[in-house]
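Trainee: One file is attached below, target.cif, containing mmCIF, C-alpha atoms.
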data_input
#
loop_
_atom_site.label_atom_id
_atom_site.label_comp_id
_atom_site.auth_asym_id
_atom_site.auth_seq_id
_atom_site.Cartn_x
_atom_site.Cartn_y
_atom_site.Cartn_z
CA MET A 232 -14.11 69.41 21.92
CA THR A 233 -17.25 68.74 23.92
CA ASP A 234 -18.85 70.64 26.76
CA THR A 235 -18.20 67.86 29.25
CA ASN A 236 -14.46 67.18 29.03
CA ALA A 237 -14.85 64.25 31.36
CA GLY A 238 -12.08 63.89 33.88
CA ASP A 239 -10.75 67.43 33.85
CA GLY A 240 -13.21 68.72 36.44
CA HIS A 241 -13.91 71.85 34.44
CA ALA A 242 -16.98 71.40 32.28
CA LEU A 243 -18.54 74.36 30.55
CA ALA A 244 -21.58 73.79 32.75
CA ASP A 245 -19.41 74.48 35.79
CA ALA A 246 -18.32 77.82 34.33
CA ARG A 247 -21.93 78.76 33.71
CA GLU A 248 -22.83 77.85 37.28
CA ARG A 249 -20.09 80.17 38.50
CA ASP A 250 -21.47 82.94 36.32
CA ALA A 251 -24.97 82.42 37.67
CA ALA A 252 -23.65 82.79 41.21
CA ASP A 253 -21.47 85.81 40.43
CA PRO A 254 -22.66 88.89 42.40
CA LEU A 255 -21.07 91.20 39.79
CA ARG A 256 -22.54 89.47 36.74
CA GLU A 257 -24.92 92.31 35.85
CA TYR A 258 -22.09 94.82 35.40
CA ARG A 259 -21.22 93.21 32.08
CA ASP A 260 -24.43 94.68 30.66
CA HIS A 261 -22.94 98.17 31.04
CA PHE A 262 -20.07 97.41 28.64
CA SER A 263 -19.80 97.24 24.87
CA VAL A 264 -18.26 93.80 24.51
CA PRO A 265 -17.22 93.22 20.87
CA ASP A 266 -19.60 90.78 19.19
CA GLY A 267 -18.24 87.30 18.71
CA GLU A 268 -15.09 87.94 20.73
CA ARG A 269 -13.63 86.87 24.06
CA TYR A 270 -12.04 90.13 25.16
CA MET A 271 -9.06 89.43 27.44
CA ASP A 272 -7.00 92.58 26.98
CA GLY A 273 -8.44 94.87 29.64
CA ASN A 274 -5.00 95.23 31.21
CA SER A 275 -4.03 97.18 28.06
CA LEU A 276 -7.33 98.89 27.21
CA GLY A 277 -10.58 98.48 29.09
CA LEU A 278 -13.90 98.39 27.28
CA ALA A 279 -16.34 101.27 26.85
CA SER A 280 -19.21 101.41 29.30
CA ASP A 281 -22.53 103.21 29.03
CA THR A 282 -21.67 105.25 32.13
CA ALA A 283 -18.32 106.40 30.67
CA LEU A 284 -19.98 107.37 27.40
CA ALA A 285 -22.74 109.17 29.29
CA THR A 286 -20.36 111.48 31.14
CA LEU A 287 -18.40 112.10 27.94
CA GLU A 288 -21.62 112.99 26.13
CA ARG A 289 -22.66 115.23 29.02
CA VAL A 290 -19.45 117.24 28.73
CA VAL A 291 -19.83 117.45 24.95
CA ASP A 292 -23.35 118.80 25.50
CA GLU A 293 -22.01 121.29 28.07
CA TRP A 294 -19.41 122.45 25.56
CA ARG A 295 -22.13 122.83 22.91
CA GLU A 296 -24.60 124.64 25.19
CA LEU A 297 -22.38 126.55 27.62
CA ALA A 298 -19.18 127.10 25.64
CA ILE A 299 -16.69 128.97 27.82
CA ARG A 300 -19.21 129.25 30.66
CA GLY A 301 -18.67 125.54 31.28
CA TRP A 302 -15.61 126.34 33.35
CA GLU A 303 -17.93 127.68 36.04
CA ALA A 304 -21.50 126.79 35.08
CA ALA A 305 -21.14 123.09 34.25
CA ASP A 306 -22.06 120.58 36.93
CA PRO A 307 -19.51 119.63 38.08
CA ASP A 308 -17.65 122.69 36.87
CA TRP A 309 -14.68 122.19 34.60
CA PHE A 310 -12.37 124.47 36.58
CA HIS A 311 -12.13 122.01 39.48
CA TYR A 312 -12.68 118.86 37.42
CA GLY A 313 -9.25 117.31 37.99
CA GLU A 314 -9.75 117.65 41.73
CA HIS A 315 -13.32 116.35 41.44
CA LEU A 316 -12.12 113.19 39.73
CA GLY A 317 -9.35 112.87 42.30
CA ASP A 318 -12.00 112.85 45.02
CA LEU A 319 -13.75 109.97 43.25
CA LEU A 320 -10.55 107.96 42.85
CA ALA A 321 -9.13 108.54 46.33
CA PRO A 322 -11.05 105.64 47.95
CA LEU A 323 -9.73 103.25 45.28
CA VAL A 324 -6.13 103.95 46.31
CA GLY A 325 -6.70 104.39 50.04
CA ALA A 326 -5.91 108.09 50.21
CA ARG A 327 -7.46 111.36 51.31
CA GLU A 328 -9.25 113.36 48.65
CA SER A 329 -6.65 116.13 48.81
CA GLU A 330 -3.91 113.60 47.98
CA VAL A 331 -5.25 112.56 44.56
CA VAL A 332 -5.79 114.44 41.32
CA VAL A 333 -6.42 113.47 37.71
CA ALA A 334 -3.88 115.16 35.48
CA ASN A 335 -1.40 114.83 32.64
CA SER A 336 -0.20 111.47 31.28
CA THR A 337 1.47 108.71 33.24
CA THR A 338 4.91 109.46 31.80
CA VAL A 339 4.55 113.19 32.44
CA ASN A 340 3.54 112.43 36.02
CA ILE A 341 6.64 110.28 36.49
CA HIS A 342 8.76 113.14 35.16
CA THR A 343 7.25 115.74 37.45
CA LEU A 344 7.13 113.61 40.61
CA ILE A 345 10.59 112.07 40.27
CA GLY A 346 11.94 115.51 39.42
CA THR A 347 10.13 117.11 42.34
CA PHE A 348 11.50 114.70 44.88
CA LEU A 349 15.01 114.65 43.42
CA ASP A 350 15.01 118.40 44.02
CA THR A 351 14.38 117.82 47.73
CA LEU A 352 17.48 115.62 48.11
CA PRO A 353 21.12 116.52 48.73
CA GLY A 354 23.33 116.25 45.66
CA THR A 355 20.94 117.89 43.18
CA PRO A 356 21.21 121.51 42.02
CA ALA A 357 18.01 122.58 43.83
CA GLY A 358 18.54 120.31 46.83
CA PRO A 359 19.53 121.32 50.35
CA ASP A 360 23.23 120.56 49.66
CA PRO A 361 24.14 120.74 45.96
CA THR A 362 27.75 119.82 46.79
CA ALA A 363 26.84 116.40 48.19
CA ASP A 364 27.13 113.21 46.18
CA PRO A 365 24.12 112.77 43.87
CA PRO A 366 21.23 110.57 44.99
CA ALA A 367 20.32 107.26 43.36
CA VAL A 368 16.87 106.01 42.35
CA LEU A 369 16.19 102.32 42.88
CA VAL A 370 14.09 100.59 40.21
CA ASN A 371 14.05 97.03 38.83
CA ASP A 372 15.08 95.38 35.59
CA LEU A 373 11.53 94.21 34.74
CA ASP A 374 9.99 97.71 34.78
CA PHE A 375 7.87 99.09 31.98
CA PRO A 376 10.37 101.07 29.84
CA THR A 377 8.77 104.51 30.20
CA ASP A 378 9.59 104.53 33.93
CA HIS A 379 13.31 104.28 33.20
CA TYR A 380 13.13 106.74 30.29
CA ALA A 381 11.57 109.41 32.51
CA ILE A 382 13.92 108.88 35.44
CA ARG A 383 16.97 108.98 33.19
CA GLY A 384 15.65 112.19 31.67
CA GLN A 385 15.30 113.80 35.08
CA PHE A 386 18.82 112.74 36.03
CA ARG A 387 20.26 114.21 32.83
CA GLN A 388 18.48 117.53 33.42
CA ARG A 389 20.30 117.76 36.75
CA GLY A 390 23.70 116.84 35.40
CA ILE A 391 23.62 113.41 37.05
CA ASP A 392 24.84 110.31 35.22
CA PRO A 393 21.87 107.93 34.98
CA ASP A 394 24.17 105.00 34.27
CA GLU A 395 25.62 105.48 37.74
CA GLN A 396 22.60 106.57 39.73
CA LEU A 397 19.73 104.55 38.25
CA VAL A 398 20.09 101.30 40.16
CA ALA A 399 18.05 98.29 38.99
CA VAL A 400 17.22 95.34 41.22
CA GLU A 401 17.73 92.21 39.17
CA SER A 402 15.12 89.48 38.81
CA ARG A 403 16.08 86.01 39.95
CA ASP A 404 13.86 84.23 37.43
CA GLY A 405 13.12 86.75 34.68
CA ARG A 406 9.51 86.96 35.85
CA THR A 407 9.37 88.41 39.35
CA ILE A 408 11.13 90.73 41.77
CA GLU A 409 11.74 89.67 45.35
CA GLU A 410 11.08 92.30 48.01
CA ALA A 411 14.07 90.88 49.90
CA ASP A 412 16.26 91.87 46.95
CA ILE A 413 14.93 95.43 47.11
CA GLU A 414 15.83 95.51 50.80
CA ALA A 415 19.28 94.08 50.04
CA ALA A 416 19.87 96.74 47.38
CA LEU A 417 19.05 99.43 49.92
CA ARG A 418 21.60 97.98 52.32
CA GLU A 419 24.21 98.00 49.56
CA ARG A 420 23.57 101.56 48.35
CA ASP A 421 23.55 104.27 50.99
CA ASP A 422 22.91 106.87 48.31
CA VAL A 423 19.41 105.68 47.33
CA GLY A 424 17.06 108.61 47.84
CA ILE A 425 13.99 107.32 46.00
CA VAL A 426 12.61 103.82 45.56
CA PHE A 427 10.31 103.67 42.53
CA MET A 428 8.60 100.38 41.81
CA PRO A 429 5.51 99.15 39.97
CA SER A 430 2.62 97.85 42.01
CA VAL A 431 2.21 95.08 39.41
CA LEU A 432 4.85 93.97 36.92
CA TYR A 433 3.42 94.51 33.46
CA ARG A 434 4.68 91.25 31.95
CA SER A 435 4.21 88.60 34.65
CA GLY A 436 1.40 90.20 36.65
CA GLN A 437 3.28 89.91 39.95
CA LEU A 438 1.82 92.14 42.67
CA LEU A 439 4.55 93.66 44.81
CA ASP A 440 4.17 94.30 48.53
CA ILE A 441 3.76 98.07 48.60
CA ASP A 442 3.67 98.29 52.40
CA ARG A 443 6.87 96.29 52.78
CA ILE A 444 8.70 98.29 50.11
CA THR A 445 7.51 101.57 51.61
CA ALA A 446 8.67 100.55 55.08
CA ALA A 447 12.06 99.49 53.72
CA ALA A 448 12.48 102.77 51.86
CA HIS A 449 11.51 104.85 54.87
CA ASP A 450 13.78 102.88 57.21
CA HIS A 451 16.58 103.69 54.76
CA GLY A 452 15.66 107.37 54.76
CA ALA A 453 14.42 107.23 51.17
CA LEU A 454 11.11 108.14 49.55
CA ALA A 455 8.77 105.45 48.18
CA GLY A 456 6.91 105.94 44.90
CA PHE A 457 4.88 103.52 42.78
CA ASP A 458 3.62 103.08 39.23
CA CYS A 459 0.11 101.66 39.73
CA ALA A 460 -0.91 101.55 36.08
CA HIS A 461 -1.46 97.78 36.15
CA SER A 462 -3.35 97.65 39.42
CA ILE A 463 -5.67 100.61 39.93
CA GLY A 464 -9.24 99.48 39.45
CA ALA A 465 -8.39 95.81 39.99
CA VAL A 466 -6.48 95.80 43.28
CA ASP A 467 -7.50 97.45 46.54
CA HIS A 468 -4.74 99.84 47.65
CA ALA A 469 -3.91 101.76 50.82
CA LEU A 470 -1.27 104.11 49.43
CA GLY A 471 -1.94 106.79 52.00
CA ASP A 472 -2.56 104.33 54.81
CA ALA A 473 -6.09 105.73 55.13
CA GLY A 474 -4.70 109.25 55.48
CA ALA A 475 -2.14 108.72 58.25
CA ASP A 476 0.32 111.61 58.45
CA ASP A 477 3.47 109.62 59.12
CA GLU A 478 2.85 106.43 57.13
CA GLY A 479 1.99 105.44 53.60
CA ALA A 480 3.75 105.77 50.28
CA ASP A 481 5.09 109.16 49.28
CA PHE A 482 3.75 109.32 45.72
CA ALA A 483 2.23 107.24 42.94
CA VAL A 484 1.10 107.49 39.32
CA TRP A 485 -1.31 105.53 37.12
CA CYS A 486 -3.21 105.53 33.87
CA SER A 487 -6.99 105.44 33.53
CA TYR A 488 -7.52 103.30 30.44
CA LYS A 489 -6.82 99.81 31.76
CA TYR A 490 -8.96 98.51 34.62
CA LEU A 491 -10.57 101.94 35.09
CA ASN A 492 -12.00 101.62 31.55
CA ALA A 493 -11.87 105.33 30.76
CA GLY A 494 -10.84 105.04 27.12
CA PRO A 495 -7.70 105.28 24.98
CA GLY A 496 -5.43 108.09 26.11
CA ALA A 497 -7.63 108.97 29.08
CA THR A 498 -6.08 111.46 31.47
CA ALA A 499 -3.80 109.88 34.07
CA GLY A 500 -3.84 110.27 37.84
CA LEU A 501 -1.39 110.83 40.64
CA TYR A 502 -1.16 110.65 44.40
CA VAL A 503 1.08 112.72 46.69
CA HIS A 504 0.96 112.13 50.43
CA GLY A 505 -0.18 115.15 52.41
CA ARG A 506 3.15 115.50 54.19
CA HIS A 507 4.63 116.65 50.88
CA HIS A 508 1.97 119.20 50.00
CA GLY A 509 3.50 122.62 49.53
CA THR A 510 6.56 121.22 47.75
CA THR A 511 7.20 123.02 44.48
CA PRO A 512 6.65 120.69 41.50
CA ALA A 513 9.55 120.14 39.13
CA LEU A 514 7.24 120.83 36.18
CA ALA A 515 5.17 123.69 37.55
CA GLY A 516 2.30 124.86 35.36
CA TRP A 517 -0.55 127.35 35.56
CA TRP A 518 -3.19 124.71 36.26
CA GLY A 519 -1.37 123.65 39.43
CA ASN A 520 -1.57 127.14 40.89
CA ASP A 521 -3.77 127.72 43.90
CA LYS A 522 -7.27 127.99 42.48
CA SER A 523 -8.13 131.05 44.56
CA THR A 524 -5.38 133.13 42.91
CA GLN A 525 -5.00 131.38 39.56
CA PHE A 526 -6.78 134.10 37.59
CA GLU A 527 -4.79 136.89 39.19
CA MET A 528 -2.24 135.95 36.52
CA ARG A 529 0.81 136.45 38.70
CA HIS A 530 4.14 135.48 37.20
CA THR A 531 5.22 133.92 40.48
CA TYR A 532 3.90 130.38 40.94
CA GLU A 533 1.76 129.80 44.02
CA GLY A 534 1.10 126.08 44.11
CA ALA A 535 -2.07 124.52 45.45
CA ASP A 536 -1.65 123.00 48.89
CA THR A 537 -2.93 119.66 47.62
CA ALA A 538 -1.96 117.06 45.04
CA GLY A 539 -3.57 119.47 42.58
CA ALA A 540 -0.27 121.38 42.53
CA TRP A 541 1.13 118.68 40.22
CA GLN A 542 -1.34 119.50 37.47
CA ILE A 543 0.47 121.23 34.64
CA GLY A 544 -1.80 122.31 31.80
CA THR A 545 -5.54 122.84 31.51
CA VAL A 546 -7.55 119.75 32.33
CA PRO A 547 -8.37 117.96 29.02
CA MET A 548 -12.09 117.66 29.53
CA LEU A 549 -12.88 115.23 26.71
CA SER A 550 -10.12 112.86 27.85
CA SER A 551 -11.11 113.18 31.49
CA ALA A 552 -14.91 113.06 31.39
CA PRO A 553 -15.16 109.28 30.79
CA ILE A 554 -13.25 108.67 34.04
CA GLU A 555 -16.21 109.99 36.00
CA GLY A 556 -18.68 107.54 34.52
CA ALA A 557 -16.29 104.61 34.23
CA THR A 558 -15.24 104.73 37.86
CA GLU A 559 -18.87 104.98 38.94
CA LEU A 560 -19.14 101.27 38.18
CA VAL A 561 -16.01 100.40 40.14
CA ARG A 562 -17.18 102.44 43.11
CA GLU A 563 -20.67 100.96 42.97
CA ALA A 564 -19.40 97.39 42.77
CA GLY A 565 -16.84 98.09 45.48
CA ILE A 566 -13.12 97.63 44.97
CA ASP A 567 -13.05 94.75 47.47
CA ALA A 568 -15.66 92.85 45.47
CA VAL A 569 -13.85 93.65 42.23
CA ARG A 570 -10.62 92.31 43.66
CA GLU A 571 -12.34 89.18 44.96
CA LYS A 572 -13.76 88.39 41.53
CA SER A 573 -10.47 89.18 39.82
CA LEU A 574 -8.70 86.63 41.98
CA ALA A 575 -11.46 84.06 41.41
CA LEU A 576 -11.29 84.51 37.64
CA THR A 577 -7.50 84.23 37.54
CA ASP A 578 -7.64 81.22 39.89
CA TYR A 579 -10.01 79.58 37.44
CA LEU A 580 -7.83 80.46 34.46
CA ILE A 581 -4.74 79.02 36.13
CA GLU A 582 -6.60 75.83 37.07
CA LEU A 583 -7.76 75.35 33.49
CA VAL A 584 -4.28 75.89 32.08
CA ASP A 585 -2.86 73.39 34.56
CA ASP A 586 -5.52 70.78 33.82
CA ARG A 587 -5.96 71.11 30.07
CA LEU A 588 -2.81 72.42 28.45
CA GLY A 589 0.40 70.49 27.96
CA ASP A 590 3.85 70.66 29.47
CA ASP A 591 4.90 73.31 26.94
CA PHE A 592 2.72 75.79 28.84
CA ALA A 593 3.67 77.42 32.14
CA ILE A 594 2.16 80.04 34.39
CA GLY A 595 4.54 82.95 34.86
CA THR A 596 2.31 84.75 37.36
CA PRO A 597 2.62 84.07 41.09
CA ARG A 598 -0.15 81.80 42.29
CA GLU A 599 -0.44 83.30 45.76
CA HIS A 600 -3.23 85.84 45.97
CA ALA A 601 -1.07 88.35 47.81
CA ARG A 602 1.45 88.32 44.93
CA ARG A 603 -0.93 88.34 41.95
CA GLY A 604 -2.37 91.29 40.07
CA GLY A 605 -5.24 91.17 37.60
CA HIS A 606 -3.82 89.27 34.62
CA VAL A 607 -2.13 85.92 34.03
CA ALA A 608 1.05 85.40 32.05
CA ILE A 609 0.74 82.15 30.11
CA GLU A 610 4.17 81.16 28.83
CA HIS A 611 4.82 79.07 25.73
CA PRO A 612 7.89 78.78 23.45
CA GLU A 613 5.69 79.90 20.56
CA GLY A 614 3.73 82.44 22.58
CA TYR A 615 3.64 85.00 19.78
CA ARG A 616 2.22 82.60 17.22
CA VAL A 617 -0.28 81.25 19.76
CA SER A 618 -1.44 84.81 20.46
CA GLU A 619 -1.86 85.50 16.74
CA ALA A 620 -3.91 82.34 16.28
CA LEU A 621 -6.06 83.30 19.27
CA ARG A 622 -6.85 86.73 17.86
CA ASP A 623 -7.85 85.24 14.53
CA ARG A 624 -10.28 83.05 16.44
CA GLY A 625 -11.90 85.92 18.30
CA VAL A 626 -9.84 85.75 21.51
CA VAL A 627 -8.29 89.18 22.13
CA VAL A 628 -5.06 88.87 24.12
CA ASP A 629 -1.60 90.39 23.78
CA PHE A 630 1.95 89.11 23.63
CA ARG A 631 5.00 90.32 25.51
CA PRO A 632 8.49 89.04 24.68
CA PRO A 633 10.00 86.63 25.02
CA ASN A 634 7.20 84.08 25.44
CA VAL A 635 4.24 85.55 27.34
CA VAL A 636 0.60 85.53 26.27
CA ARG A 637 -1.10 87.93 28.66
CA VAL A 638 -4.68 86.99 29.46
CA CYS A 639 -6.75 89.42 31.48
CA PRO A 640 -10.23 88.43 32.67
CA ALA A 641 -11.34 91.93 33.71
CA PRO A 642 -13.80 91.41 36.58
CA LEU A 643 -16.55 93.85 35.58
CA TYR A 644 -17.24 92.36 32.16
CA THR A 645 -15.56 88.95 31.90
CA ARG A 646 -17.49 85.77 32.57
CA TYR A 647 -16.17 82.43 33.76
CA GLU A 648 -17.59 81.03 30.54
CA ASP A 649 -15.30 83.37 28.60
CA VAL A 650 -12.29 82.06 30.51
CA TRP A 651 -13.33 78.48 29.78
CA HIS A 652 -13.61 79.21 26.06
CA VAL A 653 -10.20 80.90 25.98
CA VAL A 654 -8.45 77.82 27.33
CA GLU A 655 -10.58 75.61 25.07
CA THR A 656 -9.40 77.64 22.08
CA ILE A 657 -5.74 77.45 23.12
CA GLU A 658 -6.06 73.70 23.45
CA GLU A 659 -7.56 73.39 19.99
CA ILE A 660 -4.84 75.57 18.48
CA VAL A 661 -1.90 73.64 19.88
CA GLU A 662 -3.43 70.20 19.36
CA SER A 663 -3.88 70.97 15.67
CA ASP A 664 -0.59 72.92 15.35
CA VAL A 665 -2.49 75.80 13.77
CA HIS A 666 -0.17 78.30 15.44
CA LEU A 667 2.75 76.97 13.40
CA GLU A 668 1.11 78.38 10.28
CA TYR A 669 1.91 81.91 11.51
CA GLU A 670 5.22 83.67 10.92
CA PRO A 671 7.45 84.21 13.95
CA ARG A 672 7.31 87.64 15.51
CA ASP A 673 9.11 90.45 13.66
CA GLY A 674 8.14 93.37 15.88
CA GLY A 675 5.12 95.66 16.16
CA VAL A 676 2.31 96.06 18.63
CA THR A 677 0.36 93.01 19.78
#
Now that the file is in, can you turn its structure into structure tokens?

Mentor:
Amino acid sequence: MTDTNAGDGHALADARERDAADPLREYRDHFSVPDGERYMDGNSLGLASDTALATLERVVDEWRELAIRGWEAADPDWFHYGEHLGDLLAPLVGARESEVVVANSTTVNIHTLIGTFLDTLPGTPAGPDPTADPPAVLVNDLDFPTDHYAIRGQFRQRGIDPDEQLVAVESRDGRTIEEADIEAALRERDDVGIVFMPSVLYRSGQLLDIDRITAAAHDHGALAGFDCAHSIGAVDHALGDAGADDEGADFAVWCSYKYLNAGPGATAGLYVHGRHHGTTPALAGWWGNDKSTQFEMRHTYEGADTAGAWQIGTVPMLSSAPIEGATELVREAGIDAVREKSLALTDYLIELVDDRLGDDFAIGTPREHARRGGHVAIEHPEGYRVSEALRDRGVVVDFRPPNVVRVCPAPLYTRYEDVWHVVETIEEIVESDVHLEYEPRDGGVT
């Protein structure tokens, strides 16, 4: 292939011109981009940045120099660190500082928040009317599996049959979920007490309309919760409706290692609207106790009157510290600018796929900006083997069954030139049938 590709309108020179005009281009210098690779897997694990490593190293130094005194003498102190990080993340999700905390893992946060709000509903043992019919939770059949695992677990703990009360909205096309179908499901099931949806579907990259789903849930008399793992740090959110008391989603969870770039296994985050503060968490733990009385060591739980109540165990400092530095870059760039570049990069990727790849390829991600997250699902009958051939040629992507190659041009460190080379490499692979040299998928992580 040449740099010109006459007739396709997408020369490498054009990509380089876009990079030269990119207002966020200098942020790439903060990241450790693997040598010789086109890294397109930031929707699974973001790259390490110098700022994330700096805050991690600072906490390691504090541990070395202060030891146990770090809980009070470190700056910021470790005792309030989950709340401190929540303050930094609150603007990224459109919430008040008191509504956000960094704590636990994503799955644990789903357990505790779903459990908490089930316990506020009639038909559960701790609810206002245990004799009522049990509530249902509305999900969808394209969810990431852990969401369903956790909800089913919380149902079982309350003696509720998850096969009856976990209601999944079906996809019309195997790729996306229509908000109208969520609304229809609510009309069909009077017993839905919680609507729990992803902000972005992990396979196709569809961005759901959080405001519309929240309004539908509230009109039904249900609570609205969201799994924002595939959107935080790439999409501008208004979960708390800028802190309004009577609007906004009820709760949300997310991880910190995708677009927030805080490292593998980084501590997760959660949001609980202020109108629910004071509710007893389903998984109450010492670290969620009111900080002013925590060390009085009472055996009766006195929860914090903030989202901090949903912390369970001691803040894991070494898994949390990188969040501080990593999110510094997102905050400095501005989430609106990050989102703008994310859309521009995925626009460019989609255009290249349309122009340069054959009819065997399809885009499984909605093309409308309002319905697109941060990655693009490129579909091909031999998607697994294409993804394997890409990785062997220095293009890091992942595969999701049955036929999706997920390509994520993360806006803080991906260049337009990288996107151009990815599509160039795909074209070379399929034109030469190199992908057919690989064995079909037999399981495992990709």

Trainee: Evaluate the PyMOL selection byres ((chain A and resi 657-660) around 10) here and jot the selected residues down as a PDB file with C-alpha atoms, in the coordinates of the input.

Mentor:
ATOM      1  CA  MET A 232     -14.110  69.410  21.920  1.00  0.00           C
ATOM      2  CA  VAL A 584      -4.280  75.890  32.080  1.00  0.00           C
ATOM      3  CA  ARG A 587      -5.960  71.110  30.070  1.00  0.00           C
ATOM      4  CA  LEU A 588      -2.810  72.420  28.450  1.00  0.00           C
ATOM      5  CA  GLY A 589       0.400  70.490  27.960  1.00  0.00           C
ATOM      6  CA  VAL A 617      -0.280  81.250  19.760  1.00  0.00           C
ATOM      7  CA  SER A 618      -1.440  84.810  20.460  1.00  0.00           C
ATOM      8  CA  ALA A 620      -3.910  82.340  16.280  1.00  0.00           C
ATOM      9  CA  LEU A 621      -6.060  83.300  19.270  1.00  0.00           C
ATOM     10  CA  ARG A 624     -10.280  83.050  16.440  1.00  0.00           C
ATOM     11  CA  VAL A 626      -9.840  85.750  21.510  1.00  0.00           C
ATOM     12  CA  HIS A 652     -13.610  79.210  26.060  1.00  0.00           C
ATOM     13  CA  VAL A 653     -10.200  80.900  25.980  1.00  0.00           C
ATOM     14  CA  VAL A 654      -8.450  77.820  27.330  1.00  0.00           C
ATOM     15  CA  GLU A 655     -10.580  75.610  25.070  1.00  0.00           C
ATOM     16  CA  THR A 656      -9.400  77.640  22.080  1.00  0.00           C
ATOM     17  CA  VAL A 661      -1.900  73.640  19.880  1.00  0.00           C
ATOM     18  CA  GLU A 662      -3.430  70.200  19.360  1.00  0.00           C
ATOM     19  CA  SER A 663      -3.880  70.970  15.670  1.00  0.00           C
ATOM     20  CA  ASP A 664      -0.590  72.920  15.350  1.00  0.00           C
ATOM     21  CA  VAL A 665      -2.490  75.800  13.770  1.00  0.00           C
ATOM     22  CA  HIS A 666      -0.170  78.300  15.440  1.00  0.00           C
ATOM     23  CA  LEU A 667       2.750  76.970  13.400  1.00  0.00           C
TER      24      LEU A 667
END

Trainee: Range 533-652 of chain A near range 499-517 of chain A within 8 Å: what's each residue's closest atom pair and its distance in Å to one decimal, counting all atoms listed in the file, ordered by chain then ascending residue number, as a tab-separated table?

Mentor:
residue	atom	partner	partner_atom	distance
A:Gly534	CA	A:Thr511	CA	6.8
A:Ala535	CA	A:Gly509	CA	7.2
A:Asp536	CA	A:Gly509	CA	5.2
A:Thr537	CA	A:His508	CA	5.5
A:Ala538	CA	A:Val503	CA	5.5
A:Ala540	CA	A:Pro512	CA	7.0
A:Trp541	CA	A:Pro512	CA	6.0
A:Gln542	CA	A:Gly516	CA	6.8
A:Ile543	CA	A:Gly516	CA	4.1
A:Gly544	CA	A:Gly516	CA	6.0
A:Thr545	CA	A:Trp517	CA	7.9

Trainee: So which residues fall inside 12 Å of (-5.3, 95.6, 26.4) if we count all atoms listed in the file? Mind giving them as a short mmCIF file (atom, residue, chain, number, x, y, z; two decimals) with C-alpha atoms, keeping the file's coordinate frame?

Mentor:
data_model
loop_
_atom_site.label_atom_id
_atom_site.label_comp_id
_atom_site.auth_asym_id
_atom_site.auth_seq_id
_atom_site.Cartn_x
_atom_site.Cartn_y
_atom_site.Cartn_z
CA TYR A 270 -12.04 90.13 25.16
CA MET A 271 -9.06 89.43 27.44
CA ASP A 272 -7.00 92.58 26.98
CA GLY A 273 -8.44 94.87 29.64
CA ASN A 274 -5.00 95.23 31.21
CA SER A 275 -4.03 97.18 28.06
CA LEU A 276 -7.33 98.89 27.21
CA GLY A 277 -10.58 98.48 29.09
CA LEU A 278 -13.90 98.39 27.28
CA TYR A 433 3.42 94.51 33.46
CA HIS A 461 -1.46 97.78 36.15
CA TYR A 488 -7.52 103.30 30.44
CA LYS A 489 -6.82 99.81 31.76
CA TYR A 490 -8.96 98.51 34.62
CA LEU A 491 -10.57 101.94 35.09
CA ASN A 492 -12.00 101.62 31.55
CA GLY A 494 -10.84 105.04 27.12
CA PRO A 495 -7.70 105.28 24.98
CA HIS A 606 -3.82 89.27 34.62
CA VAL A 626 -9.84 85.75 21.51
CA VAL A 627 -8.29 89.18 22.13
CA VAL A 628 -5.06 88.87 24.12
CA ASP A 629 -1.60 90.39 23.78
CA PHE A 630 1.95 89.11 23.63
CA ARG A 631 5.00 90.32 25.51
CA VAL A 636 0.60 85.53 26.27
CA ARG A 637 -1.10 87.93 28.66
CA VAL A 638 -4.68 86.99 29.46
CA CYS A 639 -6.75 89.42 31.48
CA PRO A 640 -10.23 88.43 32.67
CA ALA A 641 -11.34 91.93 33.71
CA VAL A 676 2.31 96.06 18.63
CA THR A 677 0.36 93.01 19.78
#

Trainee: Distance CA of Met548 in chain A-CA of Asn335 in chain A, one decimal place?

Mentor: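 Atom-to-atom, CA of Met548 in chain A to CA of Asn335 in chain A, that is 11.5 Å.
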
Trainee: From the list A:Thr531, A:Thr558, A:Asn340, A:Asn520, which residue is nearest Ile463 in chain A when using only C-alpha atoms?

Mentor: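 Ranked by minimum distance to Ile463 in chain A, first place goes to A:Thr558.
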
Trainee: Find the distance between CA of Trp309 in chain A and CA of Tyr532 in chain A and write it in Å to one decimal.

Mentor: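 Separation between CA of Trp309 in chain A and CA of Tyr532 in chain A: 21.3 Å.
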
Trainee: Taking the file as shown, find all residues satisfying the PyMOL selection byres ((chain A and resi 368) around 9) and write them as a ChimeraX atom specification.

Mentor: /A:345,349,366-367,369-370,382,396-399,422-427

Trainee: Enclose range 322-326 of chain A, meaning all of its atoms listed in the file, in a box aligned along x, y and z, pad it by 5 Å on each side, and list the centre and edge lengths in Å to one decimal, as JSON.

Mentor:
{"center_x": -8.5, "center_y": 105.7, "center_z": 47.7, "size_x": 15.1, "size_y": 14.8, "size_z": 14.9}

Trainee: Step by step, work through what the PyMOL selection byres ((chain A and resi 498) around 10) selects in the shown file, and finish by giving those residues as a PyMOL selection string.

Mentor: chain A and resi 313+333-337+485-488+493-497+499-500+546-554

Trainee: Of the candidates A:Gly471, A:Pro376, A:Pro359, A:Gly354, which one gets nearest to Gly390 in chain A if we count only C-alpha atoms?

Mentor: A:Gly354

Trainee: Counting only C-alpha atoms, select every polymer residue within 12 Å of (-9.0, 84.7, 41.9) as defined in the file's coordinates, and provide the selection as a ChimeraX atom specification.

Mentor: /A:465-466,568-582,597-607,639-642,647
